[in-house]
>>> print(open('target-v8.tsv').read())   # TSV, C-alpha atoms and all ligand atoms
chain	number	residue	atom	x	y	z
H	1	MET	CA	-5.98	-0.54	-94.64
H	2	ILE	CA	-3.43	2.21	-94.07
H	3	ASN	CA	-3.23	3.40	-90.50
H	4	HIS	CA	-3.18	7.16	-91.00
H	5	GLN	CA	-2.01	7.99	-87.51
H	6	PHE	CA	0.96	5.69	-87.88
H	7	VAL	CA	1.88	7.26	-91.20
H	8	ASP	CA	1.44	10.70	-89.68
H	9	PHE	CA	3.76	9.93	-86.81
H	10	ALA	CA	6.24	8.28	-89.12
H	11	ASN	CA	6.33	11.61	-90.92
H	12	ILE	CA	7.27	13.27	-87.69
H	13	ILE	CA	9.98	10.82	-86.83
H	14	LYS	CA	11.68	9.68	-89.99
H	15	ASP	CA	14.25	7.00	-90.22
H	16	SER	CA	16.51	9.38	-92.05
H	17	LEU	CA	20.27	9.84	-92.08
H	18	ARG	CA	20.31	10.61	-88.39
H	19	LYS	CA	17.56	8.03	-87.78
H	20	ILE	CA	15.28	10.49	-86.11
H	21	ALA	CA	14.38	13.70	-87.87
H	22	ILE	CA	11.59	15.75	-86.46
H	23	ASP	CA	9.16	17.41	-88.84
H	24	PHE	CA	8.18	20.60	-87.08
H	25	GLN	CA	5.14	20.98	-89.38
H	26	SER	CA	3.30	18.05	-87.82
H	27	ASP	CA	2.41	19.63	-84.51
H	28	SER	CA	-1.11	18.26	-84.63
H	29	SER	CA	0.22	14.71	-84.27
H	30	LEU	CA	2.36	15.71	-81.33
H	31	LYS	CA	-0.71	17.24	-79.72
H	32	GLU	CA	-2.61	14.05	-80.32
H	33	LEU	CA	0.17	12.02	-78.68
H	34	ARG	CA	0.30	14.36	-75.68
H	35	PHE	CA	-3.41	14.11	-75.29
H	36	ARG	CA	-3.38	10.31	-75.41
H	37	ILE	CA	-0.54	10.04	-72.90
H	38	LEU	CA	-2.22	12.40	-70.43
H	39	ASP	CA	-5.60	10.78	-70.94
H	40	TRP	CA	-4.11	7.36	-70.16
H	41	TRP	CA	-2.32	8.78	-67.12
H	42	ALA	CA	-5.49	10.31	-65.67
H	43	LEU	CA	-7.02	6.84	-65.53
H	44	HIS	CA	-4.05	4.53	-64.98
H	45	GLY	CA	-1.08	6.59	-63.73
H	46	ARG	CA	0.50	6.44	-60.28
H	47	HIS	CA	-1.31	9.15	-58.36
H	48	ASP	CA	-0.31	8.02	-54.88
H	49	LEU	CA	3.43	8.75	-54.84
H	50	PRO	CA	4.04	10.32	-51.42
H	51	TRP	CA	6.52	12.92	-52.69
H	52	LYS	CA	3.62	14.34	-54.74
H	53	LYS	CA	1.87	15.42	-51.54
H	54	LEU	CA	1.73	19.05	-50.52
H	55	SER	CA	4.27	20.08	-47.86
H	56	ASN	CA	2.95	19.79	-44.30
H	57	SER	CA	-0.24	18.17	-45.52
H	58	ASN	CA	-1.58	14.75	-46.37
H	59	ASP	CA	-3.26	16.05	-49.52
H	60	PHE	CA	-2.08	15.34	-53.03
H	61	ILE	CA	-1.54	18.22	-55.37
H	62	GLN	CA	-4.67	19.49	-57.16
H	63	ASP	CA	-3.66	22.72	-58.78
H	64	SER	CA	-0.90	23.37	-61.32
H	65	CYS	CA	-0.03	26.63	-59.49
H	66	GLN	CA	0.77	24.81	-56.27
H	67	GLU	CA	4.38	23.96	-55.52
H	68	LEU	CA	5.72	20.78	-53.97
H	69	ASP	CA	8.63	20.21	-51.62
H	70	PRO	CA	11.77	20.00	-53.84
H	71	TYR	CA	13.67	18.20	-51.07
H	72	SER	CA	11.41	15.13	-50.91
H	73	ILE	CA	11.26	15.00	-54.72
H	74	TRP	CA	15.03	15.30	-55.04
H	75	ILE	CA	15.61	12.40	-52.63
H	76	ALA	CA	12.98	10.29	-54.44
H	77	GLU	CA	14.43	11.05	-57.87
H	78	VAL	CA	17.96	10.10	-56.85
H	79	MET	CA	16.75	6.88	-55.19
H	80	LEU	CA	14.79	6.08	-58.36
H	81	GLN	CA	17.85	6.46	-60.60
H	82	GLN	CA	18.70	2.75	-60.24
H	83	THR	CA	15.74	1.40	-58.28
H	84	GLN	CA	12.05	0.72	-58.85
H	85	VAL	CA	9.38	2.54	-56.84
H	86	VAL	CA	8.25	-0.57	-55.01
H	87	VAL	CA	11.80	-1.21	-53.76
H	88	MET	CA	12.78	2.36	-52.91
H	89	LEU	CA	9.54	3.40	-51.18
H	90	PRO	CA	10.37	1.98	-47.71
H	91	PHE	CA	13.86	3.51	-47.96
H	92	TRP	CA	12.38	6.89	-48.92
H	93	LYS	CA	9.87	6.81	-46.05
H	94	ASN	CA	12.55	5.87	-43.54
H	95	TRP	CA	14.87	8.56	-44.90
H	96	MET	CA	12.19	11.25	-44.68
H	97	SER	CA	11.36	10.31	-41.09
H	98	ILE	CA	15.01	10.71	-40.07
H	99	PHE	CA	16.07	13.54	-42.42
H	100	PRO	CA	12.81	15.44	-43.10
H	101	ASN	CA	14.63	18.47	-44.53
H	102	VAL	CA	17.88	19.50	-46.15
H	103	HIS	CA	19.10	21.28	-43.02
H	104	LEU	CA	19.04	18.12	-40.89
H	105	LEU	CA	20.60	16.08	-43.69
H	106	SER	CA	23.44	18.52	-44.13
H	107	GLN	CA	24.31	18.31	-40.44
H	108	ALA	CA	24.30	14.50	-40.30
H	109	PRO	CA	27.57	12.54	-40.29
H	110	LEU	CA	28.27	10.67	-43.54
H	111	ASP	CA	28.24	7.39	-41.62
H	112	LYS	CA	24.59	7.86	-40.71
H	113	VAL	CA	23.67	8.78	-44.30
H	114	LEU	CA	25.38	5.64	-45.62
H	115	PHE	CA	23.68	3.55	-42.97
H	116	LEU	CA	20.24	4.72	-44.19
H	117	TRP	CA	21.24	4.04	-47.79
H	118	GLN	CA	22.29	0.48	-46.94
H	119	GLY	CA	20.53	-1.95	-49.31
H	120	LEU	CA	19.85	0.57	-52.10
H	121	GLY	CA	23.27	0.06	-53.76
H	122	TYR	CA	25.23	2.55	-55.90
H	123	TYR	CA	26.47	4.27	-52.77
H	124	SER	CA	28.00	7.20	-54.63
H	125	ARG	CA	24.40	8.50	-54.74
H	126	ALA	CA	24.38	8.79	-50.94
H	127	HIS	CA	27.74	10.60	-50.97
H	128	HIS	CA	26.44	13.00	-53.63
H	129	ILE	CA	23.19	13.74	-51.79
H	130	HIS	CA	25.11	14.46	-48.62
H	131	HIS	CA	27.59	16.78	-50.37
H	132	ALA	CA	24.78	18.55	-52.22
H	133	SER	CA	22.82	19.08	-48.99
H	134	ILE	CA	25.79	20.96	-47.54
H	135	GLN	CA	25.89	23.19	-50.63
H	136	LEU	CA	22.12	23.78	-50.49
H	137	ARG	CA	21.91	24.52	-46.76
H	138	GLY	CA	20.57	28.01	-46.10
H	139	THR	CA	19.97	28.85	-49.78
H	140	ASP	CA	16.72	29.16	-51.75
H	141	TRP	CA	15.85	26.11	-53.84
H	142	PRO	CA	17.35	26.40	-57.34
H	143	ARG	CA	14.89	27.02	-60.15
H	144	THR	CA	17.09	26.55	-63.19
H	145	LEU	CA	18.62	23.47	-64.80
H	146	GLU	CA	22.10	24.94	-64.51
H	147	GLU	CA	21.82	25.53	-60.77
H	148	TRP	CA	20.68	21.96	-60.14
H	149	MET	CA	23.21	20.42	-62.49
H	150	VAL	CA	26.21	21.92	-60.69
H	151	LEU	CA	25.24	19.87	-57.65
H	152	PRO	CA	26.93	16.46	-57.33
H	153	GLY	CA	24.92	13.53	-58.70
H	154	ILE	CA	22.33	15.64	-60.57
H	155	GLY	CA	22.14	15.18	-64.33
H	156	ARG	CA	19.84	16.84	-66.82
H	157	THR	CA	16.98	14.38	-66.44
H	158	THR	CA	17.03	14.44	-62.62
H	159	ALA	CA	17.15	18.26	-62.68
H	160	GLY	CA	14.29	18.40	-65.21
H	161	SER	CA	12.25	15.98	-63.18
H	162	ILE	CA	12.74	17.92	-59.93
H	163	LEU	CA	11.93	21.27	-61.57
H	164	SER	CA	8.84	20.01	-63.36
H	165	SER	CA	7.57	18.05	-60.34
H	166	ALA	CA	8.22	20.67	-57.69
H	167	PHE	CA	7.51	23.91	-59.56
H	168	ASN	CA	5.62	22.71	-62.67
H	169	LEU	CA	8.35	24.26	-64.84
H	170	PRO	CA	8.57	23.13	-68.51
H	171	PHE	CA	11.75	21.03	-68.49
H	172	PRO	CA	11.86	17.71	-70.35
H	173	ILE	CA	13.22	14.41	-69.03
H	174	LEU	CA	14.98	11.44	-70.57
H	175	ASP	CA	15.31	8.67	-68.03
H	176	GLY	CA	15.56	4.95	-68.85
H	177	ASN	CA	11.79	4.55	-69.11
H	178	VAL	CA	11.38	7.48	-71.48
H	179	ARG	CA	14.38	6.46	-73.58
H	180	ARG	CA	12.84	2.98	-74.00
H	181	ILE	CA	9.47	4.41	-75.10
H	182	PHE	CA	11.16	6.67	-77.65
H	183	ALA	CA	13.35	3.86	-78.99
H	184	ARG	CA	10.20	1.79	-79.55
H	185	LEU	CA	8.07	4.61	-80.94
H	186	THR	CA	10.75	5.29	-83.52
H	187	ALA	CA	11.98	1.67	-83.91
H	188	CYS	CA	15.38	3.28	-83.94
H	189	ARG	CA	18.09	0.78	-84.89
H	190	GLU	CA	20.96	2.80	-83.46
H	191	TYR	CA	22.64	1.57	-80.32
H	192	PRO	CA	22.25	3.90	-77.35
H	193	SER	CA	24.81	6.68	-77.79
H	194	ALA	CA	25.33	10.35	-77.01
H	195	SER	CA	24.24	11.35	-80.53
H	196	LEU	CA	21.08	9.27	-80.29
H	197	ASP	CA	20.36	10.82	-76.91
H	198	SER	CA	20.55	14.30	-78.40
H	199	HIS	CA	17.76	13.32	-80.82
H	200	PHE	CA	15.70	11.81	-78.02
H	201	TRP	CA	16.15	14.98	-75.95
H	202	ARG	CA	14.78	16.92	-78.89
H	203	LEU	CA	11.81	14.60	-79.06
H	204	SER	CA	11.21	14.97	-75.33
H	205	ILE	CA	11.25	18.77	-75.66
H	206	LEU	CA	8.79	18.65	-78.56
H	207	LEU	CA	6.43	16.25	-76.88
H	208	LEU	CA	6.40	17.98	-73.50
H	209	ASP	CA	3.09	19.58	-72.61
H	210	LYS	CA	4.28	23.07	-71.68
H	211	ALA	CA	1.03	23.79	-69.84
H	212	ARG	CA	1.25	20.63	-67.71
H	213	PRO	CA	4.93	19.63	-67.50
H	214	ARG	CA	4.52	18.11	-64.02
H	215	ASP	CA	1.75	15.77	-65.15
H	216	PHE	CA	3.25	15.05	-68.54
H	217	ASN	CA	6.68	13.98	-67.31
H	218	GLN	CA	5.07	11.83	-64.63
H	219	ALA	CA	2.78	10.31	-67.27
H	220	LEU	CA	5.75	9.37	-69.48
H	221	MET	CA	7.59	7.81	-66.55
H	222	ASP	CA	4.47	5.90	-65.48
H	223	LEU	CA	3.85	4.66	-69.00
H	224	GLY	CA	7.41	3.29	-69.17
H	225	ALA	CA	7.20	1.74	-65.71
H	226	LEU	CA	3.73	0.19	-66.02
H	227	VAL	CA	3.08	-0.50	-69.73
H	228	CYS	CA	6.10	-0.09	-71.99
H	229	THR	CA	8.18	-2.23	-69.68
H	230	ASN	CA	11.61	-3.61	-70.45
H	231	ARG	CA	10.36	-7.18	-70.80
H	232	ASN	CA	6.85	-8.09	-71.96
H	233	PRO	CA	5.51	-4.62	-72.79
H	234	LYS	CA	1.72	-4.51	-72.45
H	235	CYS	CA	1.02	-3.07	-75.89
H	236	SER	CA	-2.68	-3.99	-75.69
H	237	LEU	CA	-3.01	-1.48	-72.82
H	238	CYS	CA	-0.86	1.22	-74.41
H	239	PRO	CA	-2.33	4.51	-75.66
H	240	LEU	CA	0.43	4.80	-78.28
H	241	THR	CA	-0.03	1.63	-80.35
H	242	GLN	CA	-1.29	3.58	-83.35
H	243	SER	CA	1.89	5.66	-83.40
H	244	CYS	CA	4.42	3.05	-82.38
H	245	SER	CA	6.82	1.81	-85.04
H	246	ALA	CA	8.08	-1.13	-82.96
H	247	TYR	CA	4.49	-2.24	-82.41
H	248	ALA	CA	3.74	-1.86	-86.13
H	249	ILE	CA	6.54	-4.28	-87.03
H	250	GLN	CA	5.63	-6.49	-84.03
H	251	GLU	CA	9.06	-6.19	-82.47
H	252	PRO	CA	8.74	-4.09	-79.32
H	253	CYS	CA	11.32	-6.11	-77.42
H	254	SER	CA	13.96	-5.55	-80.12
H	255	PHE	CA	14.22	-1.92	-78.96
H	256	PRO	CA	16.22	-0.23	-77.59
H	257	MET	CA	18.98	-2.03	-79.49
H	258	LYS	CA	21.51	-3.72	-77.26
H	259	LYS	CA	25.16	-4.15	-77.94
H	260	ASN	CA	26.14	-7.82	-77.59
H	261	SER	CA	26.49	-7.98	-73.88
H	262	ARG	CA	29.99	-8.84	-72.80
H	263	LYS	CA	30.06	-11.92	-70.59
H	264	LEU	CA	31.47	-10.79	-67.28
H	265	SER	CA	34.31	-12.90	-65.99
H	266	ILE	CA	34.35	-13.87	-62.34
H	267	GLN	CA	37.03	-12.54	-60.01
H	268	LEU	CA	37.71	-14.47	-56.79
H	269	ILE	CA	37.78	-12.47	-53.56
H	270	GLY	CA	39.09	-13.99	-50.33
H	271	VAL	CA	37.55	-12.59	-47.15
H	272	GLY	CA	38.42	-13.23	-43.52
H	273	VAL	CA	36.05	-13.01	-40.56
H	274	ILE	CA	38.73	-12.59	-37.91
H	275	PHE	CA	38.06	-13.36	-34.24
H	276	ASN	CA	40.22	-12.23	-31.34
H	277	GLU	CA	40.48	-13.89	-27.93
H	278	ARG	CA	37.42	-11.92	-26.69
H	279	ASP	CA	35.32	-13.40	-29.55
H	280	GLU	CA	35.04	-10.01	-31.21
H	281	VAL	CA	35.22	-9.71	-35.02
H	282	LEU	CA	37.31	-7.26	-36.99
H	283	ILE	CA	35.73	-4.86	-39.49
H	284	ASP	CA	37.26	-1.99	-41.44
H	285	GLN	CA	35.80	1.14	-43.01
H	286	ARG	CA	36.62	1.78	-46.67
H	287	LEU	CA	38.15	5.08	-47.70
H	288	ASN	CA	35.52	7.69	-48.63
H	289	GLU	CA	36.73	7.88	-52.23
H	290	GLY	CA	35.87	5.19	-54.75
H	291	LEU	CA	33.35	2.39	-54.98
H	292	LEU	CA	31.37	1.76	-51.76
H	293	GLY	CA	33.32	4.61	-50.11
H	294	GLY	CA	32.74	4.95	-46.36
H	295	MET	CA	31.05	1.54	-46.02
H	296	TRP	CA	32.22	-1.09	-43.51
H	297	GLU	CA	33.36	-4.56	-44.57
H	298	PHE	CA	35.25	-7.65	-43.56
H	299	PRO	CA	38.89	-7.51	-44.69
H	300	GLY	CA	40.06	-9.35	-47.79
H	301	GLY	CA	40.93	-8.87	-51.44
H	302	LYS	CA	41.54	-10.33	-54.88
H	303	GLN	CA	43.13	-13.70	-55.43
H	304	GLU	CA	46.40	-13.48	-57.32
H	305	ALA	CA	47.57	-15.99	-59.92
H	306	GLY	CA	48.81	-19.26	-58.41
H	307	GLU	CA	47.42	-18.56	-54.92
H	308	LEU	CA	45.14	-20.78	-52.88
H	309	ILE	CA	42.25	-18.76	-51.48
H	310	GLU	CA	43.56	-19.31	-47.92
H	311	GLN	CA	46.87	-17.74	-49.02
H	312	THR	CA	44.97	-14.80	-50.53
H	313	ILE	CA	43.14	-14.15	-47.27
H	314	SER	CA	46.29	-14.39	-45.19
H	315	ARG	CA	48.28	-12.12	-47.55
H	316	GLU	CA	45.54	-9.49	-47.89
H	317	ILE	CA	45.04	-9.29	-44.14
H	318	THR	CA	48.76	-8.84	-43.52
H	319	GLU	CA	49.05	-6.22	-46.27
H	320	GLU	CA	45.96	-4.24	-45.22
H	321	LEU	CA	46.06	-4.62	-41.43
H	322	ALA	CA	49.64	-5.62	-40.49
H	323	ILE	CA	48.50	-8.65	-38.50
H	324	GLU	CA	48.99	-12.41	-38.76
H	325	VAL	CA	45.98	-14.72	-38.76
H	326	LYS	CA	45.32	-18.44	-38.89
H	327	VAL	CA	42.86	-19.15	-41.72
H	328	GLY	CA	40.27	-21.73	-40.63
H	329	GLN	CA	37.13	-23.29	-42.09
H	330	GLU	CA	35.12	-21.84	-44.95
H	331	LEU	CA	32.09	-19.89	-43.74
H	332	ILE	CA	30.35	-19.19	-47.04
H	333	SER	CA	31.04	-18.78	-50.74
H	334	PHE	CA	28.75	-16.93	-53.15
H	335	VAL	CA	28.71	-14.91	-56.37
H	336	HIS	CA	27.69	-11.25	-56.30
H	337	THR	CA	27.05	-9.41	-59.57
H	338	TYR	CA	27.68	-5.69	-59.93
H	339	SER	CA	26.78	-3.70	-63.05
H	340	HIS	CA	30.29	-4.13	-64.48
H	341	LYS	CA	31.75	-7.19	-62.76
H	342	ARG	CA	30.99	-10.49	-61.05
H	343	LEU	CA	32.79	-11.43	-57.87
H	344	ARG	CA	32.91	-14.79	-56.10
H	345	PHE	CA	33.42	-14.17	-52.39
H	346	VAL	CA	35.04	-17.03	-50.50
H	347	VAL	CA	34.83	-16.29	-46.79
H	348	HIS	CA	36.81	-18.10	-44.10
H	349	ILE	CA	36.75	-17.91	-40.32
H	350	CYS	CA	40.15	-16.67	-39.08
H	351	LYS	CA	41.86	-16.40	-35.68
H	352	LEU	CA	44.15	-13.51	-34.75
H	353	VAL	CA	47.66	-14.86	-34.17
H	354	SER	CA	49.71	-11.69	-33.67
H	355	GLY	CA	49.78	-7.95	-34.11
H	356	VAL	CA	47.49	-4.98	-33.56
H	357	PRO	CA	45.33	-4.15	-36.61
H	358	GLN	CA	46.35	-0.97	-38.45
H	359	PRO	CA	44.13	0.76	-41.05
H	360	LEU	CA	46.79	0.64	-43.79
H	361	ALA	CA	44.22	0.58	-46.63
H	362	SER	CA	41.11	1.87	-44.84
H	363	GLN	CA	39.89	4.79	-42.71
H	364	GLN	CA	39.66	2.86	-39.47
H	365	VAL	CA	39.37	-0.66	-38.06
H	366	LYS	CA	37.26	-1.90	-35.14
H	367	TRP	CA	36.89	-5.01	-33.03
H	368	ILE	CA	33.19	-5.40	-32.31
H	369	ASP	CA	30.78	-7.86	-30.78
H	370	PRO	CA	29.12	-9.74	-33.68
H	371	CYS	CA	25.72	-8.75	-32.24
H	372	SER	CA	26.59	-5.09	-33.01
H	373	LEU	CA	27.19	-5.66	-36.73
H	374	SER	CA	23.70	-4.40	-37.58
H	375	ALA	CA	24.66	-0.93	-36.35
H	376	TYR	CA	27.17	-0.47	-39.21
H	377	ALA	CA	26.56	0.22	-42.90
H	378	PHE	CA	27.73	-2.75	-45.00
H	379	PRO	CA	27.45	-3.26	-48.78
H	380	SER	CA	24.79	-5.80	-49.71
H	381	ALA	CA	27.29	-8.61	-50.45
H	382	ASN	CA	28.38	-8.43	-46.80
H	383	ALA	CA	24.79	-8.99	-45.62
H	384	LYS	CA	25.17	-12.63	-46.79
H	385	ILE	CA	28.39	-12.94	-44.80
H	386	ILE	CA	26.76	-11.55	-41.67
H	387	LYS	CA	23.82	-13.95	-42.00
H	388	ALA	CA	26.18	-16.92	-42.41
H	389	LEU	CA	28.22	-15.70	-39.44
H	390	MET	CA	25.14	-15.54	-37.21
H	391	ASN	CA	24.21	-19.10	-38.20
H	392	TYR	CA	27.78	-20.22	-37.50
H	393	LEU	CA	27.75	-18.60	-34.04
H	394	GLU	CA	24.43	-20.25	-33.18
H	395	THR	CA	25.75	-23.70	-34.01
H	396	ASN	CA	29.27	-23.31	-32.56
T	401	LIG	S1	2.82	0.10	-78.27
T	401	LIG	FE1	4.03	-1.29	-77.03
T	401	LIG	S2	6.14	-0.92	-77.63
T	401	LIG	FE2	4.94	0.80	-78.39
T	401	LIG	S3	5.11	2.36	-76.80
T	401	LIG	FE3	3.25	1.17	-76.37
T	401	LIG	S4	3.89	-0.46	-74.97
T	401	LIG	FE4	5.73	0.43	-75.89
>>> encode(input="target-v8.tsv", output="structure tokens")
Amino acid sequence: MINHQFVDFANIIKDSLRKIAIDFQSDSSLKELRFRILDWWALHGRHDLPWKKLSNSNDFIQDSCQELDPYSIWIAEVMLQQTQVVVMLPFWKNWMSIFPNVHLLSQAPLDKVLFLWQGLGYYSRAHHIHHASIQLRGTDWPRTLEEWMVLPGIGRTTAGSILSSAFNLPFPILDGNVRRIFARLTACREYPSASLDSHFWRLSILLLDKARPRDFNQALMDLGALVCTNRNPKCSLCPLTQSCSAYAIQEPCSFPMKKNSRKLSIQLIGVGVIFNERDEVLIDQRLNEGLLGGMWEFPGGKQEAGELIEQTISREITEELAIEVKVGQELISFVHTYSHKRLRFVVHICKLVSGVPQPLASQQVKWIDPCSLSAYAFPSANAKIIKALMNYLETN
């Protein structure tokens, strides 16, 4: 038996020259899709997200005319860019208790902002939020895409999400969840690309419920997060099965198409935990620019060809700090994977032999009591080093 709704939707989204061509005549099918998405959301969506509460109240929003606090939504949206709700929620709550408004955030030192972001990763987001808060201080909240998108770290989907959530304005979104749903609905065999995105943006605009943009965008995000998940999508619970091309060919997990993932090679990094005669350890603060800018770390660097790791540590420490150390026993070795590279950290205990540390490749250096390490913002790879160091100190 022919599934008429599937055929109807296939007429809307044709696998034509550009893979996705929208037939503007078939508005009734778009309406039907909107209705099914919102109907599903009313019963199964996430209605307890704390940034959807009214300002200065414990009540959730009831009325489409009511506005929400753009600040708390903005922080949540940026945290959610690379992180799931369940992981970011404690960070968001902690952040809001310390920086409840943009004014306080804009006056905070960057160090404190990075400290609160510790564990969330992708630290450029914290830098961007801090810079943007300074630009926003004392101004009215922007109400256009353009005004949001000139702020650091805000792209079109984050801007659309903030505007639709806070002010119920009709701006579409295209985050990872929504992109995945669209790739499956259309069974599009193009690899993710800018040109494909422009078609998906068009689809997002067409699908958006202009009367309920706040609810609709949230419903799409919830559907992607709870049902049309990256692995093991729960198609039996999905309101879109009748319109989904990937479901029709029984290949949901084949979409979005993935380029053959490049195997990441491992780079060896030698790190020294240097003690002085007062049993303090040496840490340095990275420059504000670049990856992990402004974070603290133990000194070290990349192994060069033909070097033993002990030689790497000794050389890097001399080059970066102008001191001589004696490289002792290995403390820990582990692999840490970033989005674009894999690093094996080999960490050794070191003793200061001579010299006064200079911040030749960092903002500043400090000798500190190991018990004070928790007061500094370290990248997550360093958390393993600190844990190993504490175990070492307990047993030595
Ligand atoms: S039917 Fe399955 S693959 Fe299609 S949108 Fe729903 S969950 Fe995703």
>>> residues_near_point(input="target-v8.tsv", point="(0.4, -6.3, -83.6)", cutoff="9 Å", atoms="all atoms listed in the file", output="PyMOL selection string")
chain H and resi 235-236+241+247-251
>>> residues_near_ligand(input="target-v8.tsv", ligand="ligand LIG 401 (chain T)", cutoff="9 Å", atoms="all atoms listed in the file", output="PDB file with C-alpha atoms, in the coordinates of the input")
ATOM      1  CA  ARG H 180      12.840   2.980 -74.000  1.00  0.00           C
ATOM      2  CA  ILE H 181       9.470   4.410 -75.100  1.00  0.00           C
ATOM      3  CA  PHE H 182      11.160   6.670 -77.650  1.00  0.00           C
ATOM      4  CA  ALA H 183      13.350   3.860 -78.990  1.00  0.00           C
ATOM      5  CA  ARG H 184      10.200   1.790 -79.550  1.00  0.00           C
ATOM      6  CA  LEU H 185       8.070   4.610 -80.940  1.00  0.00           C
ATOM      7  CA  THR H 186      10.750   5.290 -83.520  1.00  0.00           C
ATOM      8  CA  ALA H 187      11.980   1.670 -83.910  1.00  0.00           C
ATOM      9  CA  LEU H 223       3.850   4.660 -69.000  1.00  0.00           C
ATOM     10  CA  GLY H 224       7.410   3.290 -69.170  1.00  0.00           C
ATOM     11  CA  LEU H 226       3.730   0.190 -66.020  1.00  0.00           C
ATOM     12  CA  VAL H 227       3.080  -0.500 -69.730  1.00  0.00           C
ATOM     13  CA  CYS H 228       6.100  -0.090 -71.990  1.00  0.00           C
ATOM     14  CA  THR H 229       8.180  -2.230 -69.680  1.00  0.00           C
ATOM     15  CA  ASN H 230      11.610  -3.610 -70.450  1.00  0.00           C
ATOM     16  CA  ASN H 232       6.850  -8.090 -71.960  1.00  0.00           C
ATOM     17  CA  PRO H 233       5.510  -4.620 -72.790  1.00  0.00           C
ATOM     18  CA  LYS H 234       1.720  -4.510 -72.450  1.00  0.00           C
ATOM     19  CA  CYS H 235       1.020  -3.070 -75.890  1.00  0.00           C
ATOM     20  CA  SER H 236      -2.680  -3.990 -75.690  1.00  0.00           C
ATOM     21  CA  LEU H 237      -3.010  -1.480 -72.820  1.00  0.00           C
ATOM     22  CA  CYS H 238      -0.860   1.220 -74.410  1.00  0.00           C
ATOM     23  CA  PRO H 239      -2.330   4.510 -75.660  1.00  0.00           C
ATOM     24  CA  LEU H 240       0.430   4.800 -78.280  1.00  0.00           C
ATOM     25  CA  THR H 241      -0.030   1.630 -80.350  1.00  0.00           C
ATOM     26  CA  GLN H 242      -1.290   3.580 -83.350  1.00  0.00           C
ATOM     27  CA  SER H 243       1.890   5.660 -83.400  1.00  0.00           C
ATOM     28  CA  CYS H 244       4.420   3.050 -82.380  1.00  0.00           C
ATOM     29  CA  SER H 245       6.820   1.810 -85.040  1.00  0.00           C
ATOM     30  CA  ALA H 246       8.080  -1.130 -82.960  1.00  0.00           C
ATOM     31  CA  TYR H 247       4.490  -2.240 -82.410  1.00  0.00           C
ATOM     32  CA  ALA H 248       3.740  -1.860 -86.130  1.00  0.00           C
ATOM     33  CA  GLN H 250       5.630  -6.490 -84.030  1.00  0.00           C
ATOM     34  CA  GLU H 251       9.060  -6.190 -82.470  1.00  0.00           C
ATOM     35  CA  PRO H 252       8.740  -4.090 -79.320  1.00  0.00           C
ATOM     36  CA  CYS H 253      11.320  -6.110 -77.420  1.00  0.00           C
ATOM     37  CA  PHE H 255      14.220  -1.920 -78.960  1.00  0.00           C
TER      38      PHE H 255
END
>>> residues_around(input="target-v8.tsv", residues="Leu54 (chain H)", least_positions_apart="6", cutoff="10 Å", atoms="only C-alpha atoms", output="PyMOL selection string")
chain H and resi 60-62+66-69+166
>>> residues_around(input="target-v8.tsv", residues="region 363-379 of chain H", least_positions_apart="5", cutoff="9 Å", atoms="all atoms listed in the file", output="ChimeraX atom specification")
/H:111-112,114-119,121,123,275-276,278-288,292,294-297,321,357-358,386,389-390,393
>>> residues_around(input="target-v8.tsv", residues="region 103-110 of chain H", least_positions_apart="5", cutoff="6 Å", atoms="only C-alpha atoms", output="NGL selection string")
:H and (133-134 or 137)
>>> write_last_selection(input="target-v8.tsv", atoms="C-alpha atoms", output="PDB file, in the frame of the given file")
ATOM      1  CA  SER H 133      22.820  19.080 -48.990  1.00  0.00           C
ATOM      2  CA  ILE H 134      25.790  20.960 -47.540  1.00  0.00           C
ATOM      3  CA  ARG H 137      21.910  24.520 -46.760  1.00  0.00           C
TER       4      ARG H 137
END
>>> atom_distance(input="target-v8.tsv", atom1="CA of Ser204 (chain H)", atom2="CA of Pro50 (chain H)")
25.4 Å
>>> closest_residue(input="target-v8.tsv", among="H:Arg315, H:Lys259, H:Lys341, H:His131", to="Gly153 (chain H)", atoms="only C-alpha atoms")
H:His131
>>> closest_residue(input="target-v8.tsv", among="H:Leu207, H:Ala219, H:Cys188, H:Ile266", to="His340 (chain H)", atoms="all atoms listed in the file")
H:Ile266
>>> closest_residue(input="target-v8.tsv", among="H:Val85, H:Cys65, H:Val150, H:Leu120", to="Ser165 (chain H)", atoms="only C-alpha atoms")
H:Cys65
>>> residues_around(input="target-v8.tsv", residues="Leu220 (chain H)", least_positions_apart="3", cutoff="9 Å", atoms="all atoms listed in the file", output="VMD selection string")
chain H and resid 37 to 38 41 177 to 178 181 215 to 217 223 to 225
>>> residues_around(input="target-v8.tsv", residues="Gly301 (chain H)", least_positions_apart="3", cutoff="7 Å", atoms="all atoms listed in the file", output="JSON, numbers by chain")
{"H": [269, 270, 271, 316]}
>>> atom_distance(input="target-v8.tsv", atom1="CA of Gly160 (chain H)", atom2="CA of Thr139 (chain H)")
19.5 Å
